[in-house]
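Quick look at run.txt (compact mmCIF, C-alpha atoms):
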# COMPACT_ATOMS: atom_id res chain seq x y z
CA MET A 7 -7.09 6.34 19.21
CA LEU A 8 -5.25 6.23 15.90
CA ARG A 9 -1.48 6.18 16.20
CA THR A 10 -0.68 8.97 13.77
CA ASN A 11 0.93 12.39 14.08
CA LEU A 12 -2.29 14.04 12.91
CA LYS A 13 -4.71 15.79 15.20
CA HIS A 14 -7.53 13.46 16.17
CA ILE A 15 -11.24 14.27 16.24
CA GLU A 16 -12.67 12.50 19.25
CA SER A 17 -16.27 13.65 19.58
CA VAL A 18 -19.17 14.91 17.52
CA GLU A 19 -18.84 18.29 19.26
CA GLU A 20 -15.19 18.51 18.26
CA PHE A 21 -16.07 17.54 14.70
CA ASP A 22 -18.71 20.28 14.50
CA GLU A 23 -16.31 22.85 15.90
CA VAL A 24 -13.48 21.86 13.53
CA ILE A 25 -15.53 22.12 10.35
CA GLU A 26 -17.37 25.26 11.46
CA SER A 27 -14.33 27.20 12.63
CA ASN A 28 -11.98 26.35 9.77
CA GLU A 29 -12.43 27.25 6.13
CA HIS A 30 -10.64 24.18 4.73
CA VAL A 31 -10.57 20.81 6.48
CA MET A 32 -9.50 17.34 5.40
CA ILE A 33 -10.50 14.39 7.60
CA CYS A 34 -9.37 10.81 7.08
CA CYS A 35 -11.66 8.33 8.83
CA GLY A 36 -10.05 4.91 9.06
CA ARG A 37 -8.21 2.27 11.01
CA MET A 38 -4.53 1.42 11.34
CA GLY A 39 -4.64 -0.78 8.23
CA PRO A 40 -2.61 -0.97 5.03
CA MET A 41 -5.09 1.07 3.00
CA CYS A 42 -5.37 3.82 5.64
CA LEU A 43 -1.74 4.28 6.74
CA PRO A 44 -0.55 5.67 3.39
CA VAL A 45 -3.27 8.33 3.45
CA TYR A 46 -2.31 9.43 6.97
CA ASP A 47 1.31 9.62 5.78
CA VAL A 48 0.31 11.83 2.86
CA MET A 49 -1.64 14.13 5.16
CA GLU A 50 1.26 14.42 7.60
CA ASN A 51 3.47 15.25 4.67
CA LEU A 52 1.10 17.88 3.27
CA GLU A 53 0.43 19.67 6.56
CA GLU A 54 3.45 21.96 6.11
CA LYS A 55 2.71 22.68 2.47
CA TYR A 56 -0.99 23.50 2.89
CA GLU A 57 -1.02 25.77 5.91
CA ASN A 58 -4.55 26.93 5.16
CA VAL A 59 -5.92 23.40 5.35
CA LYS A 60 -6.50 21.66 8.67
CA PHE A 61 -5.71 17.95 8.61
CA TYR A 62 -7.41 15.55 11.02
CA ASP A 63 -8.04 11.86 11.43
CA MET A 64 -10.96 10.06 13.01
CA GLU A 65 -11.14 6.48 14.24
CA PHE A 66 -13.62 4.63 12.03
CA ASP A 67 -14.89 2.36 14.80
CA ALA A 68 -15.47 5.14 17.34
CA SER A 69 -19.12 5.95 17.99
CA HIS A 70 -18.72 9.59 16.97
CA ALA A 71 -17.46 8.51 13.52
CA HIS A 72 -21.08 7.98 12.51
CA VAL A 73 -20.97 11.59 11.31
CA LEU A 74 -18.77 10.40 8.43
CA ARG A 75 -19.76 6.72 8.22
CA ASN A 76 -23.37 7.73 7.62
CA HIS A 77 -22.71 10.92 5.68
CA GLU A 78 -24.59 11.21 2.40
CA LEU A 79 -21.32 11.48 0.47
CA SER A 80 -20.12 8.13 1.82
CA ALA A 81 -23.22 6.21 0.78
CA GLY A 82 -22.03 3.11 -1.05
CA PHE A 83 -18.45 3.35 0.18
CA MET A 84 -17.03 -0.17 0.65
CA GLY A 85 -13.38 0.51 1.33
CA LEU A 86 -11.37 2.23 4.04
CA PRO A 87 -10.43 4.94 4.61
CA PHE A 88 -13.32 7.36 4.08
CA THR A 89 -11.65 10.69 3.36
CA PHE A 90 -13.64 13.91 3.50
CA TYR A 91 -12.90 17.43 2.37
CA PHE A 92 -14.85 20.30 3.96
CA LYS A 93 -15.09 23.90 2.82
CA ASN A 94 -16.81 26.42 5.06
CA GLY A 95 -18.48 23.62 7.02
CA THR A 96 -19.78 21.74 4.00
CA ALA A 97 -18.43 18.45 2.67
CA VAL A 98 -17.43 19.11 -0.93
CA LYS A 99 -15.72 15.81 -1.75
CA ALA A 100 -15.25 12.34 -0.27
CA THR A 101 -13.25 9.32 -1.42
CA SER A 102 -13.25 5.62 -0.55
CA SER A 103 -10.12 3.45 -0.18
CA ILE A 104 -6.46 4.35 -0.59
CA GLN A 105 -5.43 7.55 -2.41
CA ASN A 106 -1.91 8.63 -3.27
CA LYS A 107 -0.34 12.03 -2.68
CA LYS A 108 -1.04 13.22 -6.20
CA GLN A 109 -4.72 12.30 -5.95
CA VAL A 110 -5.04 14.05 -2.58
CA LYS A 111 -3.25 17.16 -3.87
CA THR A 112 -5.51 17.27 -6.93
CA ILE A 113 -8.60 17.26 -4.70
CA LEU A 114 -7.13 19.90 -2.38
CA GLU A 115 -6.33 22.14 -5.35
CA GLU A 116 -9.69 21.60 -7.05
CA HIS A 117 -12.00 21.81 -4.08
CA LEU A 118 -10.34 23.60 -1.20
CA VAL A 119 -7.47 25.88 -2.09
CA MET B 222 11.81 23.78 -9.37
CA ASN B 223 13.91 23.51 -6.20
CA THR B 224 16.57 20.82 -6.05
CA LYS B 225 17.62 19.35 -2.72
CA HIS B 226 20.74 17.26 -2.30
CA CYS B 227 21.04 14.20 -0.05
CA ASP B 228 23.86 11.77 0.54
CA ALA B 229 21.59 8.82 -0.11
CA ILE B 230 18.15 8.20 -1.52
CA VAL B 231 16.29 5.00 -0.74
CA LEU B 232 13.42 4.16 -3.05
CA GLY B 233 10.94 2.06 -1.13
CA SER B 234 9.94 1.83 2.50
CA GLY B 235 9.34 -1.81 3.21
CA ALA B 236 11.53 -3.77 5.58
CA ALA B 237 14.56 -3.44 3.28
CA GLY B 238 14.15 0.28 2.57
CA LEU B 239 13.50 1.27 6.18
CA THR B 240 16.44 -0.81 7.38
CA ALA B 241 18.71 0.81 4.82
CA GLY B 242 17.43 4.21 5.92
CA ILE B 243 18.12 3.43 9.58
CA TYR B 244 21.71 2.39 8.87
CA LEU B 245 22.42 5.31 6.52
CA ALA B 246 20.96 7.95 8.82
CA ARG B 247 22.72 6.47 11.83
CA ALA B 248 25.98 6.95 9.93
CA ASN B 249 25.11 10.66 9.82
CA LEU B 250 24.27 10.61 6.14
CA LYS B 251 21.49 12.87 4.94
CA THR B 252 19.01 10.27 3.80
CA LEU B 253 15.71 10.50 1.98
CA ILE B 254 13.30 7.58 1.78
CA VAL B 255 10.82 7.88 -1.06
CA ASN B 256 7.85 5.62 -1.05
CA GLU B 257 5.15 5.18 -3.69
CA GLY B 258 2.99 2.83 -1.65
CA SER B 259 2.40 2.26 2.01
CA ILE B 260 5.18 2.45 4.58
CA GLY B 261 6.04 -1.09 5.54
CA GLY B 262 5.30 -2.48 2.10
CA GLN B 263 3.97 -6.01 2.07
CA MET B 264 4.97 -6.37 5.72
CA VAL B 265 1.88 -4.41 6.82
CA LEU B 266 -0.37 -7.02 5.24
CA THR B 267 0.93 -9.72 7.57
CA HIS B 268 -1.42 -10.01 10.53
CA ALA B 269 0.86 -12.05 12.77
CA VAL B 270 4.63 -12.25 12.64
CA ALA B 271 5.71 -14.98 15.02
CA ASN B 272 9.18 -15.80 13.73
CA TYR B 273 10.99 -12.45 13.73
CA PRO B 274 13.87 -13.14 16.11
CA GLY B 275 13.93 -11.06 19.26
CA VAL B 276 10.32 -9.97 18.91
CA LEU B 277 7.37 -11.86 20.38
CA GLU B 278 4.40 -12.34 18.08
CA THR B 279 3.22 -9.03 16.71
CA SER B 280 1.72 -7.64 13.53
CA GLY B 281 3.70 -6.65 10.46
CA ARG B 282 2.11 -3.24 10.77
CA ASP B 283 3.52 -2.74 14.26
CA ILE B 284 7.01 -3.77 13.16
CA SER B 285 6.81 -1.33 10.26
CA LEU B 286 5.64 1.52 12.49
CA ILE B 287 8.62 0.95 14.80
CA MET B 288 11.02 0.78 11.84
CA LYS B 289 9.56 4.02 10.49
CA LYS B 290 9.98 5.70 13.88
CA GLN B 291 13.58 4.46 14.12
CA ALA B 292 14.35 5.81 10.65
CA LYS B 293 12.82 9.20 11.44
CA ASP B 294 14.44 9.39 14.86
CA PHE B 295 17.84 8.83 13.25
CA GLY B 296 17.11 11.71 10.88
CA CYS B 297 15.68 10.20 7.71
CA ASP B 298 13.27 12.32 5.70
CA ILE B 299 10.40 10.27 4.34
CA GLU B 300 8.31 11.26 1.33
CA SER B 301 5.41 8.88 1.41
CA ASN B 302 2.79 7.78 -1.09
CA VAL B 303 4.24 9.92 -3.87
CA GLU B 304 4.84 9.25 -7.54
CA LEU B 305 8.33 8.95 -8.98
CA THR B 306 7.97 11.01 -12.13
CA LYS B 307 11.58 11.13 -13.39
CA PHE B 308 14.95 9.73 -12.46
CA ASP B 309 18.56 9.52 -13.54
CA LEU B 310 20.50 6.64 -12.01
CA ILE B 311 23.31 6.53 -14.54
CA SER B 312 25.02 9.87 -13.90
CA LYS B 313 27.49 10.11 -11.03
CA LYS B 314 25.08 12.46 -9.28
CA LYS B 315 21.79 10.58 -9.12
CA MET B 316 18.50 12.46 -9.54
CA ILE B 317 14.86 11.75 -8.83
CA GLU B 318 11.77 13.88 -9.36
CA ILE B 319 8.58 13.22 -7.44
CA ASP B 320 5.05 14.31 -8.27
CA ASP B 321 6.39 16.49 -11.11
CA ASP B 322 7.39 19.20 -8.65
CA GLU B 323 10.23 18.17 -6.32
CA VAL B 324 13.73 17.19 -7.38
CA PHE B 325 16.30 15.45 -5.20
CA THR B 326 19.88 14.51 -6.02
CA SER B 327 22.19 12.12 -4.22
CA ASP B 328 25.47 10.26 -4.46
CA VAL B 329 23.97 6.82 -3.95
CA VAL B 330 20.59 5.24 -4.48
CA ILE B 331 19.24 2.07 -2.93
CA LEU B 332 16.38 0.48 -4.84
CA ALA B 333 14.06 -1.25 -2.38
CA THR B 334 10.85 -0.86 -4.30
CA GLY B 335 9.53 -4.33 -3.48
CA GLY B 336 6.54 -5.65 -5.32
CA LYS B 337 3.01 -4.54 -5.97
CA PRO B 338 -0.25 -6.48 -5.98
CA ARG B 339 -0.91 -7.81 -9.42
CA LYS B 340 -4.15 -6.43 -10.82
CA LEU B 341 -6.50 -8.71 -12.67
CA GLY B 342 -6.72 -6.38 -15.63
CA ALA B 343 -10.45 -7.02 -15.90
CA LYS B 344 -12.70 -4.33 -17.34
CA ASN B 345 -13.89 -1.67 -14.82
CA GLU B 346 -11.29 -2.62 -12.17
CA ASP B 347 -10.25 0.99 -11.47
CA LYS B 348 -13.84 2.25 -11.50
CA PHE B 349 -14.91 -0.03 -8.65
CA LYS B 350 -11.90 0.29 -6.31
CA GLY B 351 -13.49 1.03 -2.93
CA PHE B 352 -16.91 0.27 -4.37
CA GLY B 353 -16.85 -3.50 -4.34
CA ILE B 354 -13.25 -4.31 -5.24
CA SER B 355 -10.83 -4.68 -2.37
CA TYR B 356 -7.29 -5.90 -1.89
CA CYS B 357 -7.46 -6.14 1.92
CA ALA B 358 -9.84 -8.42 3.84
CA THR B 359 -8.77 -7.05 7.22
CA CYS B 360 -9.52 -3.49 6.12
CA ASP B 361 -12.80 -3.95 4.34
CA GLY B 362 -14.19 -7.34 5.42
CA ASP B 363 -16.85 -5.93 7.72
CA PHE B 364 -18.43 -3.93 4.89
CA TYR B 365 -19.46 -7.30 3.46
CA THR B 366 -21.19 -8.69 6.52
CA ASP B 367 -23.80 -11.26 5.41
CA LYS B 368 -22.97 -10.62 1.78
CA ASP B 369 -21.78 -12.90 -1.01
CA VAL B 370 -18.26 -12.23 -2.24
CA ILE B 371 -15.65 -13.61 -4.60
CA VAL B 372 -11.98 -14.10 -3.75
CA VAL B 373 -9.67 -14.30 -6.75
CA GLY B 374 -6.43 -16.27 -6.58
CA GLY B 375 -4.95 -19.59 -5.63
CA GLY B 376 -1.96 -18.80 -3.43
CA ASN B 377 -1.64 -18.61 0.34
CA SER B 378 -2.91 -15.02 0.49
CA ALA B 379 -6.09 -15.82 -1.41
CA LEU B 380 -6.99 -18.92 0.58
CA GLU B 381 -6.01 -17.53 4.00
CA GLU B 382 -7.84 -14.27 3.40
CA ALA B 383 -10.90 -16.19 2.18
CA VAL B 384 -10.99 -18.13 5.44
CA SER B 385 -10.53 -14.88 7.34
CA LEU B 386 -13.46 -13.29 5.45
CA THR B 387 -15.83 -16.06 6.57
CA LYS B 388 -16.07 -14.20 9.91
CA TRP B 389 -18.24 -11.65 8.12
CA VAL B 390 -19.63 -12.82 4.82
CA ARG B 391 -22.47 -15.19 3.94
CA SER B 392 -20.61 -17.00 1.18
CA ILE B 393 -17.34 -16.95 -0.69
CA THR B 394 -16.59 -18.19 -4.17
CA ILE B 395 -12.91 -18.63 -4.85
CA VAL B 396 -12.14 -18.08 -8.53
CA HIS B 397 -8.79 -19.39 -9.69
CA GLN B 398 -7.33 -19.56 -13.16
CA PHE B 399 -5.69 -22.99 -12.80
CA ASP B 400 -7.04 -26.44 -11.88
CA ASN B 401 -4.90 -26.62 -8.75
CA PHE B 402 -3.81 -24.24 -6.00
CA GLN B 403 -0.34 -22.87 -5.34
CA ALA B 404 -1.04 -22.47 -1.61
CA THR B 405 0.31 -24.80 1.07
CA ASP B 406 -1.62 -27.98 1.89
CA HIS B 407 -2.61 -26.49 5.23
CA ALA B 408 -4.15 -23.39 3.64
CA ILE B 409 -5.97 -25.48 1.03
CA LYS B 410 -7.42 -27.82 3.67
CA GLN B 411 -8.57 -24.90 5.84
CA ALA B 412 -10.43 -23.42 2.86
CA GLU B 413 -11.86 -26.73 1.63
CA LYS B 414 -13.34 -27.67 4.98
CA ASN B 415 -15.09 -24.31 5.41
CA ASP B 416 -18.79 -24.60 4.55
CA LYS B 417 -19.02 -21.00 3.40
CA ILE B 418 -16.39 -21.46 0.68
CA SER B 419 -16.95 -22.86 -2.80
CA PHE B 420 -14.62 -22.96 -5.80
CA ILE B 421 -14.65 -22.13 -9.49
CA LEU B 422 -11.42 -23.34 -11.07
CA GLU B 423 -9.81 -22.82 -14.46
CA SER B 424 -11.69 -19.54 -14.77
CA GLU B 425 -10.93 -15.84 -14.87
CA ILE B 426 -12.93 -12.69 -14.22
CA THR B 427 -13.00 -10.63 -17.40
CA GLU B 428 -15.32 -7.78 -16.36
CA TYR B 429 -16.82 -6.21 -13.27
CA LEU B 430 -20.52 -5.36 -13.62
CA GLY B 431 -22.62 -2.75 -11.85
CA GLU B 432 -23.66 0.87 -11.77
CA ARG B 433 -22.08 2.56 -8.73
CA GLN B 434 -20.95 -0.63 -6.98
CA VAL B 435 -19.96 -4.10 -8.05
CA GLU B 436 -23.10 -6.16 -8.58
CA GLY B 437 -21.62 -9.03 -10.54
CA VAL B 438 -18.78 -10.28 -12.69
CA LYS B 439 -18.27 -11.95 -16.03
CA ILE B 440 -16.30 -15.16 -15.65
CA GLN B 441 -14.64 -16.97 -18.51
CA ASN B 442 -13.78 -20.66 -18.38
CA GLN B 443 -10.18 -21.01 -19.52
CA LYS B 444 -10.76 -24.43 -21.07
CA THR B 445 -14.00 -23.95 -22.96
CA GLY B 446 -13.90 -20.18 -23.48
CA GLU B 447 -17.48 -20.02 -22.24
CA THR B 448 -18.41 -16.80 -20.41
CA ARG B 449 -21.10 -16.48 -17.77
CA GLU B 450 -22.27 -13.84 -15.31
CA LEU B 451 -22.19 -14.33 -11.55
CA LYS B 452 -23.91 -12.03 -9.08
CA THR B 453 -21.74 -10.85 -6.20
CA ASP B 454 -21.53 -8.03 -3.68
CA GLY B 455 -17.76 -7.71 -3.80
CA VAL B 456 -14.49 -9.08 -5.06
CA PHE B 457 -11.24 -9.48 -3.10
CA VAL B 458 -8.22 -9.79 -5.36
CA TYR B 459 -5.09 -11.77 -4.38
CA VAL B 460 -3.32 -12.74 -7.57
CA GLY B 461 0.26 -12.31 -6.46
CA TYR B 462 2.91 -9.65 -6.67
CA ILE B 463 5.15 -8.36 -9.41
CA PRO B 464 8.50 -6.67 -8.76
CA ASN B 465 8.42 -2.90 -9.08
CA THR B 466 11.13 -2.75 -11.71
CA ASP B 467 9.33 -1.85 -14.90
CA ARG B 468 10.59 1.72 -14.99
CA PHE B 469 14.20 0.64 -14.33
CA LYS B 470 14.42 -2.04 -16.99
CA ASP B 471 16.21 0.17 -19.53
CA VAL B 472 19.10 0.94 -17.16
CA ILE B 473 19.28 -1.80 -14.54
CA ASP B 474 20.09 -5.43 -15.32
CA LEU B 475 17.10 -7.62 -14.52
CA SER B 476 16.51 -11.35 -14.35
CA GLU B 477 14.01 -13.16 -16.57
CA ARG B 478 11.44 -12.58 -13.82
CA GLU B 479 12.25 -8.87 -13.98
CA GLU B 480 13.95 -8.84 -10.57
CA ILE B 481 17.07 -6.73 -10.09
CA LEU B 482 20.40 -8.56 -10.38
CA THR B 483 22.99 -7.66 -7.73
CA ASP B 484 26.32 -8.92 -6.51
CA LYS B 485 26.87 -10.11 -2.93
CA ASN B 486 27.24 -6.48 -1.83
CA MET B 487 23.81 -5.63 -3.27
CA LEU B 488 25.45 -3.53 -5.98
CA THR B 489 23.64 -3.42 -9.31
CA ASN B 490 25.27 -2.98 -12.71
CA ILE B 491 25.44 0.78 -12.08
CA ASN B 492 28.04 2.34 -9.76
CA GLY B 493 26.39 3.90 -6.74
CA VAL B 494 23.10 2.07 -7.25
CA PHE B 495 22.29 -0.76 -4.86
CA ALA B 496 19.19 -2.95 -4.52
CA ALA B 497 17.64 -4.67 -1.52
CA GLY B 498 14.61 -6.70 -0.54
CA ASP B 499 11.93 -8.37 -2.63
CA VAL B 500 12.80 -6.34 -5.72
CA ARG B 501 16.10 -8.24 -5.95
CA GLU B 502 16.54 -11.64 -7.55
CA LYS B 503 16.60 -14.18 -4.72
CA LYS B 504 14.85 -17.29 -3.53
CA ILE B 505 13.81 -16.53 0.05
CA ARG B 506 11.54 -13.57 0.71
CA GLN B 507 11.01 -12.91 4.41
CA ILE B 508 11.08 -9.82 6.61
CA THR B 509 14.36 -11.11 8.00
CA THR B 510 15.96 -11.45 4.56
CA ALA B 511 14.73 -8.00 3.56
CA VAL B 512 16.28 -6.56 6.72
CA SER B 513 19.50 -8.37 5.89
CA ASP B 514 19.52 -7.01 2.34
CA GLY B 515 18.84 -3.48 3.57
CA THR B 516 21.69 -3.70 6.05
CA ILE B 517 24.19 -5.03 3.51
CA ALA B 518 23.15 -2.48 0.88
CA ALA B 519 23.40 0.43 3.33
CA LEU B 520 26.80 -0.56 4.73
CA ASN B 521 28.21 -1.02 1.24
CA ALA B 522 26.68 2.28 0.16
CA ILE B 523 28.42 3.94 3.11
CA GLU B 524 31.71 2.36 2.07
CA TYR B 525 31.14 3.51 -1.52
CA LEU B 526 30.58 7.09 -0.31
CA GLN B 527 33.77 7.02 1.77
CA LYS B 528 35.96 6.02 -1.21
Here is a file; write its structure as structure tokens.
Amino acid sequence: MLRTNLKHIESVEEFDEVIESNEHVMICCGRMGPMCLPVYDVMENLEEKYENVKFYDMEFDASHAHVLRNHELSAGFMGLPFTFYFKNGTAVKATSSIQNKKQVKTILEEHLV
Amino acid sequence: MNTKHCDAIVLGSGAAGLTAGIYLARANLKTLIVNEGSIGGQMVLTHAVANYPGVLETSGRDISLIMKKQAKDFGCDIESNVELTKFDLISKKKMIEIDDDEVFTSDVVILATGGKPRKLGAKNEDKFKGFGISYCATCDGDFYTDKDVIVVGGGNSALEEAVSLTKWVRSITIVHQFDNFQATDHAIKQAEKNDKISFILESEITEYLGERQVEGVKIQNQKTGETRELKTDGVFVYVGYIPNTDRFKDVIDLSEREEILTDKNMLTNINGVFAAGDVREKKIRQITTAVSDGTIAALNAIEYLQK
């Protein structure tokens, strides 16, 4: 399990439920490495400011993470973390490797909020 | 735009910044740590720390997570992975603006902004970040299983990470701009005796090639000027660090290497502005020395506030 203060997605069933039952969802799929930690920090920081977005993480090496590892939007991704943005159950944006707070906020504003 | 006031602002959250935050918050000062990169700074890139006194071998990441928890538990606010968009260090009341939309003021500032990985500056570098260009072998090495990659650099990081990558990749070409390495003899020998590693010296990458992902690079020989293309599946860049001082150079006294000059109390040329850690001019850069700097800066900042 990832050691973050975010809510964790720990099964495919939970993943399906999260994206189906919430209008706006951001999921960061990674490890506890130097490219992933800053993105988790940003998400923890933005949780209060974006109450209508649900923020989750997912452990990249867990078997259920295949739903994001093998997602069509992550084809060609070669850097952790894989970060996904879902609107009404559909992935509308995904990024590879580290992103800063401004980049994350721009995507949230453009695609979710 | 709302303005929030703190007693102290610490810019940077590596070992020096987090230590300063711990000491300031423990003295009941309202403290904000602002961080443009990853919490832990360069410390998180160190896989094994075996010489931090009082702690058995652990990872730099784990030390940084504990430091972060200590800082938060003592009451520090941490704004992480944000952009410092404006600042005023000269006025008595210091001011910073982050991400163009939040302003904080304080009575003291500690600059602990550390260093940042030097980019190559080759064409298409930003385009391929996460698509064939990586700065972290531990993070991304397994994406290159059985692939051919390039490692750029000639210091300890480049050679040690190249050896580490051989767990996954088929072959590694180390590209280095000089005709000799700056790494330790041990690191050089470990790389030289590894069958998967070959070397191209006195050469620099000038351009990354590919459509969606890196498929090759242009390499220029520094002696002859000749340029050639080399196919590759990925490039790992380790060409050193530069101090994060560029934005402060008009107000803070810097050394020739653009590191911040301080006195023995970590005070800069500006009253109420201290500096700590790798951003400061000094010879020895270790987690222990960063912790020492952060402690000294914080305690002197506390004294400054009490005057």
query = Pick the closest to Ser513 (chain B) from B:Leu266, B:Ala236, B:Cys227, B:Cys360: which is it, counting all atoms listed in the file?
reply =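 Of B:Leu266, B:Ala236, B:Cys227, B:Cys360, the one nearest Ser513 (chain B), counting all atoms listed in the file, is B:Ala236.
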Residues of chain B within 7 Å of chain A, counting all atoms listed in the file, as a VMD selection string = chain B and resid 258 to 260 265 to 266 301 to 303 320 351 to 353 355 360 to 361 364
key: Shell around Gly336 (chain B) at 6 Å using all atoms listed in the file, local window under 4 positions removed, as a list in words   =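 Here the qualifying residues turn out to be Tyr462, Ile463, Pro464 and Asn465 of chain B.
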Give me a file of those residues, with C-alpha atoms, as a PDB file, keeping the file's coordinate frame.
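Output saved as result.pdb:
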ATOM      1  CA  TYR B 462       2.910  -9.650  -6.670  1.00  0.00           C
ATOM      2  CA  ILE B 463       5.150  -8.360  -9.410  1.00  0.00           C
ATOM      3  CA  PRO B 464       8.500  -6.670  -8.760  1.00  0.00           C
ATOM      4  CA  ASN B 465       8.420  -2.900  -9.080  1.00  0.00           C
TER       5      ASN B 465
END
request  = Can you pull out every residue within 9 Å of Arg75 (chain A), counting all atoms listed in the file, but drop anything in the same chain fewer than 3 positions away, and send it as a ChimeraX atom specification?
outcome  = /A:35,66,71-72,78,80-81,83,88
Given all atoms listed in the file as the counted atoms, nearest of A:Phe61, A:Lys55, A:Leu114, A:Ser69 to Val18 (chain A) =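 Among the listed residues, the smallest separation from Val18 (chain A) belongs to A:Ser69.
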Using all atoms listed in the file - which residues lie no farther than 12 Å from the point (-15.6, 29.7, 4.5) in the file's frame? Write them as an mmCIF file with C-alpha atoms, in the coordinates of the input.
data_model
loop_
_atom_site.group_PDB
_atom_site.id
_atom_site.type_symbol
_atom_site.label_atom_id
_atom_site.label_comp_id
_atom_site.auth_asym_id
_atom_site.auth_seq_id
_atom_site.Cartn_x
_atom_site.Cartn_y
_atom_site.Cartn_z
ATOM 1 C CA ILE A 25 -15.530 22.120 10.350
ATOM 2 C CA GLU A 26 -17.370 25.260 11.460
ATOM 3 C CA SER A 27 -14.330 27.200 12.630
ATOM 4 C CA ASN A 28 -11.980 26.350 9.770
ATOM 5 C CA GLU A 29 -12.430 27.250 6.130
ATOM 6 C CA HIS A 30 -10.640 24.180 4.730
ATOM 7 C CA VAL A 31 -10.570 20.810 6.480
ATOM 8 C CA ASN A 58 -4.550 26.930 5.160
ATOM 9 C CA VAL A 59 -5.920 23.400 5.350
ATOM 10 C CA PHE A 92 -14.850 20.300 3.960
ATOM 11 C CA LYS A 93 -15.090 23.900 2.820
ATOM 12 C CA ASN A 94 -16.810 26.420 5.060
ATOM 13 C CA GLY A 95 -18.480 23.620 7.020
ATOM 14 C CA THR A 96 -19.780 21.740 4.000
ATOM 15 C CA ALA A 97 -18.430 18.450 2.670
ATOM 16 C CA LEU A 118 -10.340 23.600 -1.200
ATOM 17 C CA VAL A 119 -7.470 25.880 -2.090
#
B:Gly262, B:Val255, B:Ala518, B:Glu447 ranked by distance to Glu300 (chain B), top pick (using all atoms listed in the file) =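 Nearest to Glu300 (chain B): B:Val255.
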task = Using only C-alpha atoms, find the one residue out of B:Ile473, B:Asp228, B:Glu346, B:Gly455 that sits nearest to Tyr525 (chain B).
result =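 Distance minimum relative to Tyr525 (chain B) lands on B:Asp228.
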inquiry  = I'd like to know which of B:Phe457, B:Leu305, B:Ser327, B:Asn442 is closest to Val373 (chain B), using all atoms listed in the file.
reply    = B:Phe457
key: Nearest-residue call for Glu428 (chain B), choices B:Phe399, B:Phe295, B:Tyr273, B:Phe349, using all atoms listed in the file   = B:Phe349
ask   = By how many Å are CA of Gly437 (chain B) and CA of Val458 (chain B) apart?
value = 14.4 Å
message = Just the number, please: distance in Å from CA of Ile299 (chain B) to CA of Ile254 (chain B), one decimal.
response =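 Answer for the CA of Ile299 (chain B) to CA of Ile254 (chain B) separation: 4.7 Å.
For the pair CA of Ile319 (chain B) and CA of Gly342 (chain B), the separation is 26.2 Å.
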query = Could you pull the residues within 10 Å of Asn223 (chain B), counting only C-alpha atoms, minus those fewer than 5 positions along the same chain, as an NGL selection string?
reply = :B and (322-325)
